[in-house]
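**Student:** The file below is structure05.csv, CSV, C-alpha atoms:
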```
chain,number,residue,atom,x,y,z
A,203,MET,CA,-12.9,-42.7,26.9
A,204,ALA,CA,-10.0,-40.4,26.3
A,205,ASP,CA,-7.6,-39.8,29.1
A,206,ASP,CA,-6.7,-36.3,30.5
A,207,THR,CA,-3.5,-36.1,28.4
A,208,THR,CA,-5.4,-36.8,25.1
A,209,LEU,CA,-8.0,-34.2,26.0
A,210,ALA,CA,-5.4,-31.6,26.9
A,211,ALA,CA,-3.6,-32.2,23.6
A,212,ALA,CA,-6.8,-31.9,21.7
A,213,ASP,CA,-7.7,-28.7,23.5
A,214,GLU,CA,-4.3,-27.2,22.6
A,215,ALA,CA,-4.8,-28.2,19.0
A,216,LEU,CA,-8.0,-26.2,18.7
A,217,PRO,CA,-7.4,-22.8,17.1
A,218,GLY,CA,-7.8,-19.8,19.3
A,219,ARG,CA,-7.6,-21.7,22.6
A,220,GLU,CA,-4.2,-20.4,23.6
A,221,ASP,CA,-4.3,-16.9,25.2
A,222,LYS,CA,-1.5,-15.0,23.5
A,223,GLY,CA,-2.5,-11.6,24.9
A,224,ALA,CA,-2.2,-8.4,22.8
A,225,ALA,CA,-1.1,-8.7,19.2
A,226,PRO,CA,2.5,-7.5,18.8
A,227,VAL,CA,1.4,-5.3,16.0
A,228,SER,CA,-0.9,-3.4,18.4
A,229,GLY,CA,2.2,-2.0,20.1
A,230,ALA,CA,2.6,-0.8,23.6
A,231,MET,CA,-0.9,0.7,23.6
A,232,GLY,CA,-2.3,-2.7,22.9
A,233,ARG,CA,-0.4,-4.3,25.8
A,234,VAL,CA,-1.8,-1.7,28.2
A,235,VAL,CA,-5.3,-2.2,26.9
A,236,ASP,CA,-4.9,-6.0,27.3
A,237,ARG,CA,-3.9,-5.6,30.9
A,238,VAL,CA,-6.7,-3.2,31.7
A,239,GLY,CA,-9.1,-5.8,30.3
A,240,THR,CA,-8.6,-7.8,33.6
A,241,LEU,CA,-10.5,-5.0,35.5
A,242,PHE,CA,-13.5,-5.4,33.2
A,243,ALA,CA,-13.4,-9.1,33.6
A,244,LEU,CA,-13.6,-8.6,37.3
A,245,ALA,CA,-16.5,-6.2,36.8
A,246,ILE,CA,-18.4,-9.1,35.2
A,247,LEU,CA,-17.7,-11.2,38.2
A,248,ALA,CA,-18.7,-8.4,40.5
A,249,SER,CA,-22.0,-7.9,38.7
A,250,ALA,CA,-22.8,-11.6,39.1
A,251,ALA,CA,-22.0,-11.4,42.8
A,252,ILE,CA,-24.2,-8.4,43.2
A,253,LEU,CA,-27.1,-10.2,41.5
A,254,VAL,CA,-26.6,-13.1,43.9
A,255,VAL,CA,-26.7,-10.8,46.9
A,256,GLU,CA,-29.8,-9.1,45.5
A,257,VAL,CA,-31.6,-12.4,45.1
A,258,VAL,CA,-30.8,-13.4,48.7
A,259,LEU,CA,-31.9,-10.0,50.1
A,260,ARG,CA,-35.1,-9.9,48.1
A,261,TYR,CA,-36.3,-13.4,48.5
A,262,VAL,CA,-34.8,-14.5,51.8
A,263,PHE,CA,-34.8,-11.3,53.8
A,264,ASN,CA,-37.5,-9.4,51.9
A,265,ALA,CA,-35.2,-6.4,51.8
A,266,PRO,CA,-34.3,-5.6,48.2
A,267,THR,CA,-31.9,-2.9,47.3
A,268,ILE,CA,-32.5,0.1,45.1
A,269,TRP,CA,-29.1,0.1,43.5
A,270,ALA,CA,-28.3,-3.5,42.5
A,271,HIS,CA,-29.9,-3.7,39.1
A,272,GLU,CA,-28.6,-0.4,37.9
A,273,THR,CA,-25.1,-1.1,39.1
A,274,VAL,CA,-25.1,-4.5,37.3
A,275,ILE,CA,-26.4,-2.8,34.1
A,276,PHE,CA,-23.6,-0.2,34.3
A,277,LEU,CA,-20.8,-2.8,35.1
A,278,THR,CA,-21.8,-5.1,32.3
A,279,ALA,CA,-22.4,-2.3,29.8
A,280,THR,CA,-19.0,-0.8,30.4
A,281,SER,CA,-17.4,-4.2,30.1
A,282,PHE,CA,-19.1,-4.8,26.7
A,283,VAL,CA,-18.1,-1.4,25.5
A,284,PHE,CA,-14.5,-2.0,26.5
A,285,GLY,CA,-14.7,-5.4,24.8
A,286,GLY,CA,-14.5,-3.7,21.4
A,287,LEU,CA,-11.2,-2.0,22.3
A,288,PHE,CA,-10.0,-5.2,23.8
A,289,VAL,CA,-10.4,-7.3,20.7
A,290,ALA,CA,-8.9,-4.5,18.6
A,291,ALA,CA,-5.8,-4.6,20.7
A,292,ARG,CA,-5.6,-8.4,20.2
A,293,ASP,CA,-6.3,-7.9,16.5
A,294,ALA,CA,-9.1,-10.5,17.0
A,295,HIS,CA,-12.1,-8.6,15.6
A,296,ILE,CA,-14.4,-10.6,13.2
A,297,ARG,CA,-13.2,-10.9,9.6
A,298,VAL,CA,-14.8,-12.5,6.6
A,299,VAL,CA,-11.9,-14.8,5.8
A,300,LEU,CA,-13.0,-16.4,2.6
A,301,ILE,CA,-10.6,-14.3,0.6
A,302,TYR,CA,-8.3,-13.2,3.4
A,303,ASP,CA,-7.1,-16.7,4.3
A,304,GLN,CA,-6.0,-17.2,0.7
A,305,LEU,CA,-3.6,-14.2,0.8
A,306,THR,CA,0.1,-14.4,1.7
A,307,GLY,CA,3.1,-12.1,2.1
A,308,PRO,CA,2.8,-8.4,1.2
A,309,LEU,CA,-0.7,-8.8,-0.2
A,310,ARG,CA,-2.0,-9.9,3.1
A,311,ARG,CA,-0.3,-7.0,4.7
A,312,VAL,CA,-2.0,-4.6,2.3
A,313,PHE,CA,-5.3,-6.1,3.3
A,314,ASP,CA,-4.4,-5.7,7.0
A,315,VAL,CA,-3.6,-2.0,6.4
A,316,ALA,CA,-6.9,-1.5,4.5
A,317,ILE,CA,-8.9,-3.3,7.1
A,318,SER,CA,-7.4,-1.2,9.9
A,319,LEU,CA,-8.0,2.0,8.0
A,320,ALA,CA,-11.6,1.0,7.3
A,321,CYS,CA,-12.1,0.3,11.0
A,322,LEU,CA,-10.5,3.6,11.8
A,323,VAL,CA,-13.0,5.5,9.6
A,324,SER,CA,-16.0,3.7,11.0
A,325,THR,CA,-14.8,4.1,14.6
A,326,ALA,CA,-14.1,7.8,14.1
A,327,PHE,CA,-17.6,8.2,12.7
A,328,PHE,CA,-19.1,6.4,15.7
A,329,ALA,CA,-17.0,8.5,18.1
A,330,TRP,CA,-18.4,11.7,16.5
A,331,ALA,CA,-21.9,10.3,16.9
A,332,ALA,CA,-21.2,9.4,20.5
A,333,TRP,CA,-19.9,12.9,21.2
A,334,GLN,CA,-23.3,14.3,20.1
A,335,THR,CA,-24.9,12.2,22.8
A,336,VAL,CA,-22.3,13.3,25.4
A,337,LEU,CA,-23.2,16.9,24.7
A,338,LYS,CA,-26.7,16.2,25.7
A,339,ALA,CA,-25.9,13.8,28.6
A,340,ALA,CA,-23.2,15.9,30.3
A,341,TRP,CA,-24.4,19.5,29.9
A,342,THR,CA,-27.7,21.2,30.4
A,343,PRO,CA,-29.2,23.5,27.7
A,344,GLN,CA,-27.8,26.4,29.7
A,345,GLY,CA,-24.3,25.1,29.4
A,346,ASP,CA,-23.9,23.8,33.0
A,347,PHE,CA,-22.1,20.5,33.5
A,348,ARG,CA,-24.6,17.9,34.8
A,349,LEU,CA,-24.5,14.2,34.0
A,350,GLU,CA,-27.7,12.6,32.9
A,351,THR,CA,-29.2,10.4,35.6
A,352,SER,CA,-31.4,7.3,35.5
A,353,GLY,CA,-34.5,8.9,37.0
A,354,SER,CA,-35.1,5.9,39.3
A,355,ALA,CA,-35.4,6.0,43.1
A,356,TRP,CA,-31.6,5.8,43.4
A,357,ASP,CA,-31.1,8.1,40.4
A,358,PRO,CA,-27.4,7.6,39.7
A,359,PRO,CA,-25.6,9.4,36.9
A,360,THR,CA,-24.8,6.1,35.2
A,361,PRO,CA,-26.4,6.9,31.9
A,362,GLY,CA,-24.3,10.0,31.5
A,363,LEU,CA,-21.2,8.2,32.7
A,364,LEU,CA,-21.8,5.4,30.2
A,365,LYS,CA,-22.1,7.8,27.3
A,366,VAL,CA,-18.9,9.6,28.2
A,367,PHE,CA,-17.2,6.2,28.6
A,368,LEU,CA,-18.4,5.0,25.2
A,369,PHE,CA,-17.0,8.2,23.6
A,370,ALA,CA,-13.7,7.8,25.3
A,371,ILE,CA,-13.3,4.2,24.3
A,372,LEU,CA,-14.2,4.9,20.7
A,373,VAL,CA,-11.5,7.6,20.6
A,374,VAL,CA,-8.9,5.2,22.1
A,375,MET,CA,-10.0,2.5,19.7
A,376,ALA,CA,-9.6,4.9,16.7
A,377,VAL,CA,-6.0,5.5,17.9
A,378,GLN,CA,-5.4,1.8,18.2
A,379,PHE,CA,-6.5,1.3,14.6
A,380,VAL,CA,-4.0,4.0,13.6
A,381,VAL,CA,-1.3,2.1,15.4
A,382,LEU,CA,-2.3,-1.2,13.7
A,383,ALA,CA,-2.4,0.4,10.3
A,384,VAL,CA,1.1,2.0,10.8
A,385,ASN,CA,2.7,-1.1,12.1
A,386,TYR,CA,1.1,-3.3,9.3
A,387,ALA,CA,2.4,-0.8,6.7
A,388,ARG,CA,5.9,-0.9,8.2
A,389,GLY,CA,5.7,-4.7,8.0
A,390,ALA,CA,4.6,-4.6,4.4
A,391,ALA,CA,7.5,-2.1,3.5
A,392,ARG,CA,10.1,-4.5,5.0
A,393,GLY,CA,9.5,-7.3,2.5
A,394,PRO,CA,7.4,-10.4,2.1
A,395,SER,CA,8.2,-11.9,5.5
A,396,GLY,CA,6.8,-8.8,7.2
A,397,ALA,CA,9.7,-8.8,9.6
A,398,GLY,CA,9.4,-6.2,12.2
A,399,ALA,CA,5.7,-5.6,11.8
A,400,GLY,CA,5.2,-5.8,15.5
A,401,GLU,CA,8.3,-3.8,16.6
A,402,ALA,CA,6.9,-0.3,16.4
A,403,ASP,CA,4.7,1.1,19.1
```
Spit out the file's structure as structure tokens when you get a sec.
**Tutor:**
Amino acid sequence: MADDTTLAAADEALPGREDKGAAPVSGAMGRVVDRVGTLFALAILASAAILVVEVVLRYVFNAPTIWAHETVIFLTATSFVFGGLFVAARDAHIRVVLIYDQLTGPLRRVFDVAISLACLVSTAFFAWAAWQTVLKAAWTPQGDFRLETSGSAWDPPTPGLLKVFLFAILVVMAVQFVVLAVNYARGAARGPSGAGAGEAD
């Protein structure tokens, strides 16, 4: 059986195991997003704790809450939505690498710019679509501001809040892809080594 030192060395050798934080090319914005990600990680832990409390209250004390399930849904949903922005800041979104991994130097930078711009276009489109849902979830037909509620016994405005949050994250994500595209382009313009690709914010 392998000892702890061998296991640790093997673990470090696995790709993607080291937490490097935000990609330098994502700039100052990426670093902020990466730090905010901790709050959403805590939200996942909080939702797990709420579920434990709900189980105890329901099955031990026969006193279930009316807020636990909707709170957990809201916390986990916002965390998953933020996850898209989080991986964009880390430049860790899924790629089909069959061709990409064969590229080197300036050509890879060109692909990085093209990928970032494609992501920008798609994110901007989804932000526009999300705005259409916000118009219905945050305002009444008469034009009064009123967030959409769940319609349950507790009836929180979490559906409306989630739609507003989704729109806001998509807008920020679009800006992040602009930052990535610009910094990749600057790296490509500075020569094959791509020196300085992560210097601009």
**Student:** For each of A:Phe288, A:Leu349, A:Val298, A:Ala225, take the minimum atom-to-atom distance to Arg237 (chain A), counting all atoms listed in the file, then give the residue where this is smallest.
**Tutor:** A:Phe288
**Student:** From the options A:Val235, A:Leu363, A:Ala224, A:Ala245, which residue's atoms come nearest to Val377 (chain A), counting all atoms listed in the file?
**Tutor:**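 Of A:Val235, A:Leu363, A:Ala224, A:Ala245, the one nearest Val377 (chain A) is A:Val235, counting all atoms listed in the file.
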**Student:** May I have the residues within 10 Å of Pro266 (chain A) as a PyMOL selection string, using all atoms listed in the file and disregarding those fewer than 6 positions away in the same chain?
**Tutor:** chain A and resi 255-260
**Student:** Ranking A:Pro343, A:Pro308, A:Gly229, A:Gly239 by minimum distance to Thr280 (chain A) and counting all atoms listed in the file, which one comes first?
**Tutor:**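 Looking at the shortest contact to Thr280 (chain A), the residue is A:Gly239.
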**Student:** Suppose you want the space between CA of Lys338 (chain A) and CA of Pro361 (chain A); what is it in Å?
**Tutor:**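 Calculated distance between CA of Lys338 (chain A) and CA of Pro361 (chain A) is 11.2 Å.
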**Student:** Which of these residues is nearest to Leu241 (chain A), using only C-alpha atoms: A:Val262, A:Phe284, A:Val227, A:Trp269?
**Tutor:**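 Smallest distance to Leu241 (chain A) is found for A:Phe284.
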**Student:** With all atoms listed in the file as the counted atoms, please give the residues lying no more than 12 Å from Gly285 (chain A), apart from itself and same-chain residues fewer than 4 positions off, as a PyMOL selection string.
**Tutor:** chain A and resi 235-236+238-243+246+278-281+289-292+294-295+368+371-372+375
**Student:** Measuring between all atoms listed in the file, which one of A:Gly223, A:Ala339, A:Leu382, A:Trp333 shows the shortest distance to Ala370 (chain A)?
**Tutor:**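 Looking only at the distances to Ala370 (chain A), the closest residue turns out to be A:Trp333.
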**Student:** Take the point (-6.8, -0.1, 7.4) in the file's coordinates, draw a sphere of radius 9 Å around it, and report as a short mmCIF file (atom, residue, chain, number, x, y, z; two decimals) with C-alpha atoms, in the frame of the given file every protein, DNA or RNA residue with an atom inside or on it, counting only C-alpha atoms.
**Tutor:**
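Output file point_19.cif is given in full below:
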```cif
data_model
loop_
_atom_site.label_atom_id
_atom_site.label_comp_id
_atom_site.auth_asym_id
_atom_site.auth_seq_id
_atom_site.Cartn_x
_atom_site.Cartn_y
_atom_site.Cartn_z
CA VAL A 312 -2.00 -4.60 2.30
CA PHE A 313 -5.30 -6.10 3.30
CA ASP A 314 -4.40 -5.70 7.00
CA VAL A 315 -3.60 -2.00 6.40
CA ALA A 316 -6.90 -1.50 4.50
CA ILE A 317 -8.90 -3.30 7.10
CA SER A 318 -7.40 -1.20 9.90
CA LEU A 319 -8.00 2.00 8.00
CA ALA A 320 -11.60 1.00 7.30
CA CYS A 321 -12.10 0.30 11.00
CA LEU A 322 -10.50 3.60 11.80
CA VAL A 323 -13.00 5.50 9.60
CA PHE A 379 -6.50 1.30 14.60
CA VAL A 380 -4.00 4.00 13.60
CA LEU A 382 -2.30 -1.20 13.70
CA ALA A 383 -2.40 0.40 10.30
CA VAL A 384 1.10 2.00 10.80
CA TYR A 386 1.10 -3.30 9.30
#
```
**Student:** Write out as an mmCIF file with C-alpha atoms, in the coordinates of the input the residues lying within 8 Å of Val336 (chain A), counting only C-alpha atoms and excluding same-chain residues fewer than 6 positions away.
**Tutor:**
```cif
data_model
loop_
_atom_site.group_PDB
_atom_site.id
_atom_site.type_symbol
_atom_site.label_atom_id
_atom_site.label_comp_id
_atom_site.auth_asym_id
_atom_site.auth_seq_id
_atom_site.Cartn_x
_atom_site.Cartn_y
_atom_site.Cartn_z
ATOM 1 C CA GLY A 362 -24.300 10.000 31.500
ATOM 2 C CA LYS A 365 -22.100 7.800 27.300
ATOM 3 C CA VAL A 366 -18.900 9.600 28.200
ATOM 4 C CA PHE A 369 -17.000 8.200 23.600
#
```
**Student:** Here is a test: counting only C-alpha atoms, which residue of A:Ile301, A:Ile296, A:Ala376, A:Ala355 is nearest to Thr325 (chain A)?
**Tutor:**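 Among the listed residues, the smallest separation from Thr325 (chain A) belongs to A:Ala376.
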**Student:** Find the spatial neighbours of Pro359 (chain A), counting all atoms listed in the file, within a cut-off of 9 Å - ignore same-chain residues fewer than 4 positions away - and output them as number ranges by chain.
**Tutor:** A: 348-353, 363-364
**Student:** Which distance in Å separates CA of Asp357 (chain A) and CA of Leu287 (chain A), to one decimal?
**Tutor:**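 Separating CA of Asp357 (chain A) from CA of Leu287 (chain A) is a distance of 28.7 Å.
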**Student:** In Å to one decimal, how far is CA of Ala270 (chain A) from CA of Gly286 (chain A)?
**Tutor:**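 If I compute the distance from CA of Gly286 (chain A) to CA of Ala270 (chain A), I get 25.2 Å.
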